[in-house]
Amino acid sequence: MSIIMIEPIYLIMVGVVVCMLLNIALLSRFRRCPAGKILVVSGTTTQDGIRCLNRGGVFIWPFTQEYSYLSLTPVILGAELRDAMSGDGMHVDASARMSVVISTEPELMPNAAKHLLNASEERIQSLAHDILLAQLRRLLATTSMEGFSAFRNKFLDTLQENVEAELNKLGLHIVSIDLTQVRVRH
């Protein structure tokens with residue numbers, strides 16, 4: 001019987017190559033969150049199936065986790081409400097403009113990941129538009145036009161609070177909101 005002797009230098013070279021390949025494999029699974037985005041990690045090894053980061057990076061486990069990004073680019077929209085009924089029975093036309101963005105609040109980012117991941121800007125705009133119109137109609141229905149004239153800023157603050165509460169359920173945040181026109185129909 002003959003025993004094959006391997007030179008120690010060959011063992012060291014094989015060890016170095018194996019370590020380099022292992023490092024390359026591990027580093028290829030590290031994902032960094034770029035500026036202006038939220039990194040969403042989903043899979044079996046995350047708490048509640050979703051983990052969101054708006055800075056830093058994370059290792060993505062092969063076969064058990066996936067990753068995607070949400071954009072933090074603001075979405076600007078306008079809404080026009082025609083022939084709404086005010087609290088004192090007057091027919092009113094109203095218009096508003098709003099800018100929304102996906103929230104970076106830790107408790108709201110998972111909502112955005114659940115509801116808006118892979119949604120187009122048009123879809124986000126449509127959802128925010130519907131919420132703005134519904135809350136504007138609801139608030140106008142409880143406000144007299146005389147009261148509106150006297151308390152326009154309070155009306156706008158209440159509108160912002162109501163819209164923000166609904167948008168937070170989707171993981172969105174209001175950047176700005178403005179009531180551009182409220183006009184009584186004759």
# chains A, B, ... in the order shown; residues from 1 in each chain; ligands from 1
>>> select_by_dssp(residues="segment 125-185 of chain A", states="strand (DSSP E or B)", output="PDB file with N, CA, C and O atoms, in the first residue's frame")
ATOM      1  N   LEU A 172     -48.259  55.739   4.533  1.00  0.00           N
ATOM      2  CA  LEU A 172     -47.946  57.015   3.889  1.00  0.00           C
ATOM      3  C   LEU A 172     -47.973  58.154   4.896  1.00  0.00           C
ATOM      4  O   LEU A 172     -48.613  58.059   5.939  1.00  0.00           O
ATOM      5  N   HIS A 173     -47.290  59.238   4.546  1.00  0.00           N
ATOM      6  CA  HIS A 173     -47.191  60.426   5.391  1.00  0.00           C
ATOM      7  C   HIS A 173     -47.412  61.662   4.518  1.00  0.00           C
ATOM      8  O   HIS A 173     -46.926  61.719   3.389  1.00  0.00           O
ATOM      9  N   ILE A 174     -48.136  62.655   5.038  1.00  0.00           N
ATOM     10  CA  ILE A 174     -48.359  63.900   4.298  1.00  0.00           C
ATOM     11  C   ILE A 174     -47.129  64.794   4.419  1.00  0.00           C
ATOM     12  O   ILE A 174     -46.678  65.087   5.515  1.00  0.00           O
ATOM     13  N   VAL A 175     -46.620  65.233   3.279  1.00  0.00           N
ATOM     14  CA  VAL A 175     -45.554  66.218   3.253  1.00  0.00           C
ATOM     15  C   VAL A 175     -46.180  67.608   3.310  1.00  0.00           C
ATOM     16  O   VAL A 175     -45.767  68.462   4.086  1.00  0.00           O
ATOM     17  N   SER A 176     -47.204  67.820   2.483  1.00  0.00           N
ATOM     18  CA  SER A 176     -47.924  69.097   2.498  1.00  0.00           C
ATOM     19  C   SER A 176     -49.346  68.881   1.995  1.00  0.00           C
ATOM     20  O   SER A 176     -49.605  67.958   1.216  1.00  0.00           O
ATOM     21  N   ILE A 177     -50.232  69.734   2.451  1.00  0.00           N
ATOM     22  CA  ILE A 177     -51.624  69.699   2.002  1.00  0.00           C
ATOM     23  C   ILE A 177     -52.110  71.137   1.963  1.00  0.00           C
ATOM     24  O   ILE A 177     -51.750  71.951   2.809  1.00  0.00           O
ATOM     25  N   ASP A 178     -52.896  71.445   0.938  1.00  0.00           N
ATOM     26  CA  ASP A 178     -53.406  72.807   0.795  1.00  0.00           C
ATOM     27  C   ASP A 178     -54.802  72.744   0.195  1.00  0.00           C
ATOM     28  O   ASP A 178     -55.049  72.005  -0.765  1.00  0.00           O
ATOM     29  N   LEU A 179     -55.681  73.496   0.764  1.00  0.00           N
ATOM     30  CA  LEU A 179     -57.034  73.644   0.256  1.00  0.00           C
ATOM     31  C   LEU A 179     -56.986  74.806  -0.729  1.00  0.00           C
ATOM     32  O   LEU A 179     -56.841  75.959  -0.331  1.00  0.00           O
ATOM     33  N   THR A 180     -57.060  74.511  -2.023  1.00  0.00           N
ATOM     34  CA  THR A 180     -56.860  75.558  -3.021  1.00  0.00           C
ATOM     35  C   THR A 180     -58.119  76.367  -3.295  1.00  0.00           C
ATOM     36  O   THR A 180     -58.027  77.546  -3.638  1.00  0.00           O
ATOM     37  N   GLN A 181     -59.288  75.742  -3.125  1.00  0.00           N
ATOM     38  CA  GLN A 181     -60.511  76.476  -3.413  1.00  0.00           C
ATOM     39  C   GLN A 181     -61.697  75.809  -2.721  1.00  0.00           C
ATOM     40  O   GLN A 181     -61.813  74.592  -2.725  1.00  0.00           O
ATOM     41  N   VAL A 182     -62.575  76.624  -2.169  1.00  0.00           N
ATOM     42  CA  VAL A 182     -63.878  76.193  -1.706  1.00  0.00           C
ATOM     43  C   VAL A 182     -64.854  77.257  -2.176  1.00  0.00           C
ATOM     44  O   VAL A 182     -64.714  78.423  -1.846  1.00  0.00           O
ATOM     45  N   ARG A 183     -65.833  76.819  -2.978  1.00  0.00           N
ATOM     46  CA  ARG A 183     -66.755  77.770  -3.586  1.00  0.00           C
ATOM     47  C   ARG A 183     -68.171  77.242  -3.462  1.00  0.00           C
ATOM     48  O   ARG A 183     -68.441  76.073  -3.743  1.00  0.00           O
ATOM     49  N   VAL A 184     -69.085  78.122  -3.053  1.00  0.00           N
ATOM     50  CA  VAL A 184     -70.501  77.762  -2.938  1.00  0.00           C
ATOM     51  C   VAL A 184     -71.128  77.885  -4.317  1.00  0.00           C
ATOM     52  O   VAL A 184     -70.935  78.873  -5.013  1.00  0.00           O
TER      53      VAL A 184
END
>>> closest_residue(among="A:Ser120, A:Ile12, A:Leu53, A:Ala96", to="Arg82 of chain A", atoms="only C-alpha atoms")
A:Ala96
>>> atom_distance(atom1="atom CA of Leu72 of chain A", atom2="atom CA of Val163 of chain A")
19.0 Å
>>> select_by_dssp(residues="segment 4-180 of chain A", states="alpha helix (DSSP H)", output="ChimeraX atom specification")
/A:8-27,109-116,121-141,145-150,152-168
>>> atom_distance(atom1="atom CA of Asp130 of chain A", atom2="atom CA of His91 of chain A")
20.2 Å
>>> closest_residue(among="A:Ser71, A:Thr143, A:Glu122, A:His129", to="Met85 of chain A", atoms="only C-alpha atoms")
A:Thr143
>>> residues_around(residues="Ile38 of chain A", least_positions_apart="6", cutoff="6 Å", atoms="only C-alpha atoms", output="compact mmCIF listing (two decimals) with all heavy atoms, in the first residue's frame")
# COMPACT_ATOMS: atom_id res chain seq x y z
N LEU A 53 -35.83 48.67 6.46
CA LEU A 53 -34.69 49.50 6.82
C LEU A 53 -34.67 50.73 5.92
O LEU A 53 -34.90 50.61 4.72
CB LEU A 53 -33.37 48.76 6.62
CG LEU A 53 -33.16 47.45 7.36
CD1 LEU A 53 -32.02 46.69 6.74
CD2 LEU A 53 -32.87 47.75 8.81
N ASN A 54 -34.42 51.90 6.50
CA ASN A 54 -34.25 53.08 5.65
C ASN A 54 -32.82 53.58 5.65
O ASN A 54 -32.53 54.63 5.11
CB ASN A 54 -35.24 54.19 6.00
CG ASN A 54 -34.98 54.81 7.35
OD1 ASN A 54 -34.38 54.19 8.22
ND2 ASN A 54 -35.44 56.02 7.54
N TYR A 69 -37.31 47.12 -2.81
CA TYR A 69 -37.16 48.50 -2.37
C TYR A 69 -38.47 49.26 -2.55
O TYR A 69 -39.21 49.01 -3.49
CB TYR A 69 -36.06 49.21 -3.17
CG TYR A 69 -34.68 48.65 -2.94
CD1 TYR A 69 -34.11 47.76 -3.85
CD2 TYR A 69 -33.94 49.01 -1.82
CE1 TYR A 69 -32.85 47.25 -3.64
CE2 TYR A 69 -32.68 48.50 -1.61
CZ TYR A 69 -32.13 47.62 -2.53
OH TYR A 69 -30.87 47.11 -2.32
N LEU A 70 -38.72 50.20 -1.64
CA LEU A 70 -39.80 51.17 -1.76
C LEU A 70 -39.15 52.53 -1.97
O LEU A 70 -38.21 52.88 -1.27
CB LEU A 70 -40.64 51.22 -0.49
CG LEU A 70 -41.59 50.06 -0.24
CD1 LEU A 70 -42.13 50.12 1.19
CD2 LEU A 70 -42.73 50.08 -1.23
>>> atom_distance(atom1="atom CA of Asp48 of chain A", atom2="atom CA of Leu26 of chain A")
24.4 Å
>>> closest_residue(among="A:Gly56, A:Gly87, A:Gly171, A:Gly78", to="Leu139 of chain A", atoms="only C-alpha atoms")
A:Gly87
>>> closest_atom_pairs(of="segment 38-87 of chain A", to="segment 97-112 of chain A", cutoff="7 Å", atoms="only C-alpha atoms", output="Markdown table")
| residue | atom | partner | partner_atom | distance |
| --- | --- | --- | --- | --- |
| A:Ile50 | CA | A:Pro110 | CA | 6.7 |
| A:Cys52 | CA | A:Met109 | CA | 6.3 |
| A:Asn54 | CA | A:Thr104 | CA | 6.7 |
| A:Leu72 | CA | A:Ile102 | CA | 5.7 |
| A:Thr73 | CA | A:Val101 | CA | 6.4 |
| A:Pro74 | CA | A:Val101 | CA | 4.5 |
| A:Val75 | CA | A:Val100 | CA | 5.3 |
| A:Ile76 | CA | A:Ser99 | CA | 4.3 |
| A:Leu77 | CA | A:Met98 | CA | 5.5 |
| A:Gly78 | CA | A:Arg97 | CA | 4.3 |
| A:Ala79 | CA | A:Arg97 | CA | 6.4 |
>>> write_last_selection(atoms="N, CA, C and O atoms", output="PDB file, in the first residue's frame")
ATOM      1  N   ILE A  50     -41.744  40.457   7.713  1.00  0.00           N
ATOM      2  CA  ILE A  50     -41.273  41.662   7.026  1.00  0.00           C
ATOM      3  C   ILE A  50     -40.329  42.445   7.932  1.00  0.00           C
ATOM      4  O   ILE A  50     -40.600  42.625   9.109  1.00  0.00           O
ATOM      5  N   CYS A  52     -38.077  46.188   7.627  1.00  0.00           N
ATOM      6  CA  CYS A  52     -37.850  47.382   6.805  1.00  0.00           C
ATOM      7  C   CYS A  52     -36.688  48.200   7.364  1.00  0.00           C
ATOM      8  O   CYS A  52     -36.598  48.414   8.560  1.00  0.00           O
ATOM      9  N   ASN A  54     -34.420  51.903   6.500  1.00  0.00           N
ATOM     10  CA  ASN A  54     -34.255  53.077   5.645  1.00  0.00           C
ATOM     11  C   ASN A  54     -32.816  53.576   5.655  1.00  0.00           C
ATOM     12  O   ASN A  54     -32.527  54.625   5.110  1.00  0.00           O
ATOM     13  N   LEU A  72     -38.804  56.570  -1.787  1.00  0.00           N
ATOM     14  CA  LEU A  72     -39.200  57.670  -0.913  1.00  0.00           C
ATOM     15  C   LEU A  72     -39.431  58.961  -1.702  1.00  0.00           C
ATOM     16  O   LEU A  72     -39.419  60.052  -1.135  1.00  0.00           O
ATOM     17  N   THR A  73     -39.678  58.838  -2.989  1.00  0.00           N
ATOM     18  CA  THR A  73     -39.973  59.995  -3.823  1.00  0.00           C
ATOM     19  C   THR A  73     -41.396  60.464  -3.536  1.00  0.00           C
ATOM     20  O   THR A  73     -42.329  59.663  -3.585  1.00  0.00           O
ATOM     21  N   PRO A  74     -41.587  61.739  -3.236  1.00  0.00           N
ATOM     22  CA  PRO A  74     -42.949  62.232  -2.961  1.00  0.00           C
ATOM     23  C   PRO A  74     -43.863  62.106  -4.174  1.00  0.00           C
ATOM     24  O   PRO A  74     -43.421  62.223  -5.317  1.00  0.00           O
ATOM     25  N   VAL A  75     -45.131  61.857  -3.898  1.00  0.00           N
ATOM     26  CA  VAL A  75     -46.164  61.779  -4.926  1.00  0.00           C
ATOM     27  C   VAL A  75     -47.070  62.994  -4.727  1.00  0.00           C
ATOM     28  O   VAL A  75     -47.572  63.228  -3.632  1.00  0.00           O
ATOM     29  N   ILE A  76     -47.260  63.755  -5.789  1.00  0.00           N
ATOM     30  CA  ILE A  76     -48.067  64.975  -5.721  1.00  0.00           C
ATOM     31  C   ILE A  76     -49.384  64.721  -6.445  1.00  0.00           C
ATOM     32  O   ILE A  76     -49.402  64.131  -7.527  1.00  0.00           O
ATOM     33  N   LEU A  77     -50.468  65.149  -5.822  1.00  0.00           N
ATOM     34  CA  LEU A  77     -51.773  64.928  -6.427  1.00  0.00           C
ATOM     35  C   LEU A  77     -52.713  66.079  -6.132  1.00  0.00           C
ATOM     36  O   LEU A  77     -52.532  66.827  -5.173  1.00  0.00           O
ATOM     37  N   GLY A  78     -53.699  66.204  -6.960  1.00  0.00           N
ATOM     38  CA  GLY A  78     -54.751  67.192  -6.768  1.00  0.00           C
ATOM     39  C   GLY A  78     -56.086  66.462  -6.743  1.00  0.00           C
ATOM     40  O   GLY A  78     -56.240  65.396  -7.328  1.00  0.00           O
ATOM     41  N   ALA A  79     -57.049  67.057  -6.062  1.00  0.00           N
ATOM     42  CA  ALA A  79     -58.382  66.461  -5.989  1.00  0.00           C
ATOM     43  C   ALA A  79     -59.419  67.562  -6.107  1.00  0.00           C
ATOM     44  O   ALA A  79     -59.284  68.615  -5.487  1.00  0.00           O
TER      45      ALA A  79
END
>>> residues_around(residues="Phe63 of chain A", least_positions_apart="5", cutoff="12 Å", atoms="only C-alpha atoms", output="JSON list (two decimals) with N, CA, C and O atoms, in the first residue's frame")
[["chain", "number", "residue", "atom", "x", "y", "z"],
["A", 29, "ARG", "N", -24.63, 38.27, -0.83],
["A", 29, "ARG", "CA", -25.96, 38.25, -0.21],
["A", 29, "ARG", "C", -26.19, 39.46, 0.70],
["A", 29, "ARG", "O", -27.25, 39.60, 1.28],
["A", 42, "SER", "N", -38.27, 40.24, 3.23],
["A", 42, "SER", "CA", -39.38, 39.35, 3.60],
["A", 42, "SER", "C", -38.90, 37.92, 3.56],
["A", 42, "SER", "O", -37.98, 37.57, 2.83],
["A", 43, "GLY", "N", -39.51, 37.10, 4.40],
["A", 43, "GLY", "CA", -39.14, 35.70, 4.44],
["A", 43, "GLY", "C", -39.36, 35.10, 5.80],
["A", 43, "GLY", "O", -39.85, 35.75, 6.73],
["A", 44, "THR", "N", -38.96, 33.86, 5.93],
["A", 44, "THR", "CA", -39.26, 33.10, 7.13],
["A", 44, "THR", "C", -38.41, 33.47, 8.34],
["A", 44, "THR", "O", -38.81, 33.19, 9.45],
["A", 45, "THR", "N", -37.28, 34.10, 8.13],
["A", 45, "THR", "CA", -36.42, 34.39, 9.28],
["A", 45, "THR", "C", -36.58, 35.82, 9.80],
["A", 45, "THR", "O", -35.82, 36.26, 10.64]]
>>> closest_residue(among="A:Ser86, A:Met20, A:Ala113, A:Trp61", to="Lys37 of chain A", atoms="only C-alpha atoms")
A:Ala113
>>> decode(residues="segment 39-82 of chain A", atoms="N, CA and C atoms", output="PDB file, in the first residue's frame")
ATOM      1  N   LEU A  39     -35.452  49.552   2.256  1.00  0.00           N
ATOM      2  CA  LEU A  39     -35.156  48.163   1.941  1.00  0.00           C
ATOM      3  C   LEU A  39     -36.146  47.288   2.698  1.00  0.00           C
ATOM      4  N   VAL A  40     -36.895  46.466   1.968  1.00  0.00           N
ATOM      5  CA  VAL A  40     -37.887  45.574   2.572  1.00  0.00           C
ATOM      6  C   VAL A  40     -37.383  44.145   2.420  1.00  0.00           C
ATOM      7  N   VAL A  41     -37.209  43.472   3.552  1.00  0.00           N
ATOM      8  CA  VAL A  41     -36.768  42.083   3.568  1.00  0.00           C
ATOM      9  C   VAL A  41     -37.953  41.239   4.013  1.00  0.00           C
ATOM     10  N   SER A  42     -38.272  40.237   3.226  1.00  0.00           N
ATOM     11  CA  SER A  42     -39.377  39.354   3.597  1.00  0.00           C
ATOM     12  C   SER A  42     -38.895  37.920   3.561  1.00  0.00           C
ATOM     13  N   GLY A  43     -39.508  37.104   4.400  1.00  0.00           N
ATOM     14  CA  GLY A  43     -39.139  35.698   4.440  1.00  0.00           C
ATOM     15  C   GLY A  43     -39.355  35.099   5.803  1.00  0.00           C
ATOM     16  N   THR A  44     -38.959  33.864   5.926  1.00  0.00           N
ATOM     17  CA  THR A  44     -39.261  33.104   7.133  1.00  0.00           C
ATOM     18  C   THR A  44     -38.411  33.474   8.339  1.00  0.00           C
ATOM     19  N   THR A  45     -37.280  34.099   8.133  1.00  0.00           N
ATOM     20  CA  THR A  45     -36.417  34.395   9.278  1.00  0.00           C
ATOM     21  C   THR A  45     -36.582  35.822   9.803  1.00  0.00           C
ATOM     22  N   THR A  46     -37.588  36.549   9.301  1.00  0.00           N
ATOM     23  CA  THR A  46     -37.838  37.903   9.787  1.00  0.00           C
ATOM     24  C   THR A  46     -39.049  37.896  10.713  1.00  0.00           C
ATOM     25  N   GLN A  47     -39.080  38.847  11.627  1.00  0.00           N
ATOM     26  CA  GLN A  47     -40.204  38.959  12.558  1.00  0.00           C
ATOM     27  C   GLN A  47     -41.440  39.386  11.777  1.00  0.00           C
ATOM     28  N   ASP A  48     -42.539  38.675  11.944  1.00  0.00           N
ATOM     29  CA  ASP A  48     -43.804  38.931  11.237  1.00  0.00           C
ATOM     30  C   ASP A  48     -43.646  38.853   9.723  1.00  0.00           C
ATOM     31  N   GLY A  49     -42.577  38.257   9.243  1.00  0.00           N
ATOM     32  CA  GLY A  49     -42.386  38.070   7.818  1.00  0.00           C
ATOM     33  C   GLY A  49     -41.836  39.272   7.066  1.00  0.00           C
ATOM     34  N   ILE A  50     -41.744  40.457   7.713  1.00  0.00           N
ATOM     35  CA  ILE A  50     -41.273  41.662   7.026  1.00  0.00           C
ATOM     36  C   ILE A  50     -40.329  42.445   7.932  1.00  0.00           C
ATOM     37  N   ARG A  51     -39.244  42.920   7.348  1.00  0.00           N
ATOM     38  CA  ARG A  51     -38.322  43.804   8.051  1.00  0.00           C
ATOM     39  C   ARG A  51     -37.999  44.967   7.120  1.00  0.00           C
ATOM     40  N   CYS A  52     -38.077  46.188   7.627  1.00  0.00           N
ATOM     41  CA  CYS A  52     -37.850  47.382   6.805  1.00  0.00           C
ATOM     42  C   CYS A  52     -36.688  48.200   7.364  1.00  0.00           C
ATOM     43  N   LEU A  53     -35.832  48.665   6.458  1.00  0.00           N
ATOM     44  CA  LEU A  53     -34.688  49.504   6.824  1.00  0.00           C
ATOM     45  C   LEU A  53     -34.673  50.729   5.925  1.00  0.00           C
ATOM     46  N   ASN A  54     -34.420  51.903   6.500  1.00  0.00           N
ATOM     47  CA  ASN A  54     -34.255  53.077   5.645  1.00  0.00           C
ATOM     48  C   ASN A  54     -32.816  53.576   5.655  1.00  0.00           C
ATOM     49  N   ARG A  55     -31.917  52.837   6.255  1.00  0.00           N
ATOM     50  CA  ARG A  55     -30.484  53.089   6.170  1.00  0.00           C
ATOM     51  C   ARG A  55     -29.748  51.837   6.627  1.00  0.00           C
ATOM     52  N   GLY A  56     -28.501  51.740   6.241  1.00  0.00           N
ATOM     53  CA  GLY A  56     -27.712  50.576   6.636  1.00  0.00           C
ATOM     54  C   GLY A  56     -27.834  49.450   5.629  1.00  0.00           C
ATOM     55  N   GLY A  57     -27.599  48.252   6.109  1.00  0.00           N
ATOM     56  CA  GLY A  57     -27.645  47.083   5.246  1.00  0.00           C
ATOM     57  C   GLY A  57     -27.983  45.849   6.039  1.00  0.00           C
ATOM     58  N   VAL A  58     -28.190  44.758   5.323  1.00  0.00           N
ATOM     59  CA  VAL A  58     -28.591  43.517   5.970  1.00  0.00           C
ATOM     60  C   VAL A  58     -28.157  42.341   5.095  1.00  0.00           C
ATOM     61  N   PHE A  59     -27.899  41.238   5.750  1.00  0.00           N
ATOM     62  CA  PHE A  59     -27.573  40.003   5.051  1.00  0.00           C
ATOM     63  C   PHE A  59     -28.873  39.297   4.693  1.00  0.00           C
ATOM     64  N   ILE A  60     -29.028  38.915   3.430  1.00  0.00           N
ATOM     65  CA  ILE A  60     -30.224  38.213   2.955  1.00  0.00           C
ATOM     66  C   ILE A  60     -29.893  36.721   2.892  1.00  0.00           C
ATOM     67  N   TRP A  61     -30.614  35.940   3.681  1.00  0.00           N
ATOM     68  CA  TRP A  61     -30.369  34.506   3.712  1.00  0.00           C
ATOM     69  C   TRP A  61     -30.860  33.868   2.414  1.00  0.00           C
ATOM     70  N   PRO A  62     -30.004  33.089   1.781  1.00  0.00           N
ATOM     71  CA  PRO A  62     -30.421  32.447   0.531  1.00  0.00           C
ATOM     72  C   PRO A  62     -31.578  31.468   0.767  1.00  0.00           C
ATOM     73  N   PHE A  63     -32.475  31.408  -0.192  1.00  0.00           N
ATOM     74  CA  PHE A  63     -33.602  30.479  -0.244  1.00  0.00           C
ATOM     75  C   PHE A  63     -34.721  30.780   0.752  1.00  0.00           C
ATOM     76  N   THR A  64     -34.480  31.568   1.792  1.00  0.00           N
ATOM     77  CA  THR A  64     -35.529  31.815   2.787  1.00  0.00           C
ATOM     78  C   THR A  64     -35.966  33.264   2.838  1.00  0.00           C
ATOM     79  N   GLN A  65     -35.204  34.171   2.236  1.00  0.00           N
ATOM     80  CA  GLN A  65     -35.549  35.588   2.268  1.00  0.00           C
ATOM     81  C   GLN A  65     -35.462  36.199   0.876  1.00  0.00           C
ATOM     82  N   GLU A  66     -36.283  37.246   0.693  1.00  0.00           N
ATOM     83  CA  GLU A  66     -36.250  38.049  -0.524  1.00  0.00           C
ATOM     84  C   GLU A  66     -36.102  39.502  -0.101  1.00  0.00           C
ATOM     85  N   TYR A  67     -35.752  40.360  -1.046  1.00  0.00           N
ATOM     86  CA  TYR A  67     -35.677  41.773  -0.731  1.00  0.00           C
ATOM     87  C   TYR A  67     -36.256  42.573  -1.891  1.00  0.00           C
ATOM     88  N   SER A  68     -36.703  43.778  -1.571  1.00  0.00           N
ATOM     89  CA  SER A  68     -37.214  44.706  -2.561  1.00  0.00           C
ATOM     90  C   SER A  68     -37.049  46.108  -1.982  1.00  0.00           C
ATOM     91  N   TYR A  69     -37.308  47.116  -2.811  1.00  0.00           N
ATOM     92  CA  TYR A  69     -37.158  48.496  -2.370  1.00  0.00           C
ATOM     93  C   TYR A  69     -38.465  49.258  -2.551  1.00  0.00           C
ATOM     94  N   LEU A  70     -38.720  50.196  -1.635  1.00  0.00           N
ATOM     95  CA  LEU A  70     -39.798  51.171  -1.762  1.00  0.00           C
ATOM     96  C   LEU A  70     -39.155  52.532  -1.967  1.00  0.00           C
ATOM     97  N   SER A  71     -39.679  53.305  -2.897  1.00  0.00           N
ATOM     98  CA  SER A  71     -39.123  54.624  -3.189  1.00  0.00           C
ATOM     99  C   SER A  71     -39.665  55.663  -2.210  1.00  0.00           C
ATOM    100  N   LEU A  72     -38.804  56.570  -1.787  1.00  0.00           N
ATOM    101  CA  LEU A  72     -39.200  57.670  -0.913  1.00  0.00           C
ATOM    102  C   LEU A  72     -39.431  58.961  -1.702  1.00  0.00           C
ATOM    103  N   THR A  73     -39.678  58.838  -2.989  1.00  0.00           N
ATOM    104  CA  THR A  73     -39.973  59.995  -3.823  1.00  0.00           C
ATOM    105  C   THR A  73     -41.396  60.464  -3.536  1.00  0.00           C
ATOM    106  N   PRO A  74     -41.587  61.739  -3.236  1.00  0.00           N
ATOM    107  CA  PRO A  74     -42.949  62.232  -2.961  1.00  0.00           C
ATOM    108  C   PRO A  74     -43.863  62.106  -4.174  1.00  0.00           C
ATOM    109  N   VAL A  75     -45.131  61.857  -3.898  1.00  0.00           N
ATOM    110  CA  VAL A  75     -46.164  61.779  -4.926  1.00  0.00           C
ATOM    111  C   VAL A  75     -47.070  62.994  -4.727  1.00  0.00           C
ATOM    112  N   ILE A  76     -47.260  63.755  -5.789  1.00  0.00           N
ATOM    113  CA  ILE A  76     -48.067  64.975  -5.721  1.00  0.00           C
ATOM    114  C   ILE A  76     -49.384  64.721  -6.445  1.00  0.00           C
ATOM    115  N   LEU A  77     -50.468  65.149  -5.822  1.00  0.00           N
ATOM    116  CA  LEU A  77     -51.773  64.928  -6.427  1.00  0.00           C
ATOM    117  C   LEU A  77     -52.713  66.079  -6.132  1.00  0.00           C
ATOM    118  N   GLY A  78     -53.699  66.204  -6.960  1.00  0.00           N
ATOM    119  CA  GLY A  78     -54.751  67.192  -6.768  1.00  0.00           C
ATOM    120  C   GLY A  78     -56.086  66.462  -6.743  1.00  0.00           C
ATOM    121  N   ALA A  79     -57.049  67.057  -6.062  1.00  0.00           N
ATOM    122  CA  ALA A  79     -58.382  66.461  -5.989  1.00  0.00           C
ATOM    123  C   ALA A  79     -59.419  67.562  -6.107  1.00  0.00           C
ATOM    124  N   GLU A  80     -60.423  67.306  -6.919  1.00  0.00           N
ATOM    125  CA  GLU A  80     -61.508  68.257  -7.083  1.00  0.00           C
ATOM    126  C   GLU A  80     -62.809  67.577  -6.689  1.00  0.00           C
ATOM    127  N   LEU A  81     -63.514  68.220  -5.807  1.00  0.00           N
ATOM    128  CA  LEU A  81     -64.791  67.712  -5.315  1.00  0.00           C
ATOM    129  C   LEU A  81     -65.884  68.609  -5.868  1.00  0.00           C
ATOM    130  N   ARG A  82     -66.834  68.035  -6.603  1.00  0.00           N
ATOM    131  CA  ARG A  82     -67.909  68.802  -7.227  1.00  0.00           C
ATOM    132  C   ARG A  82     -69.236  68.505  -6.547  1.00  0.00           C
TER     133      ARG A  82
END
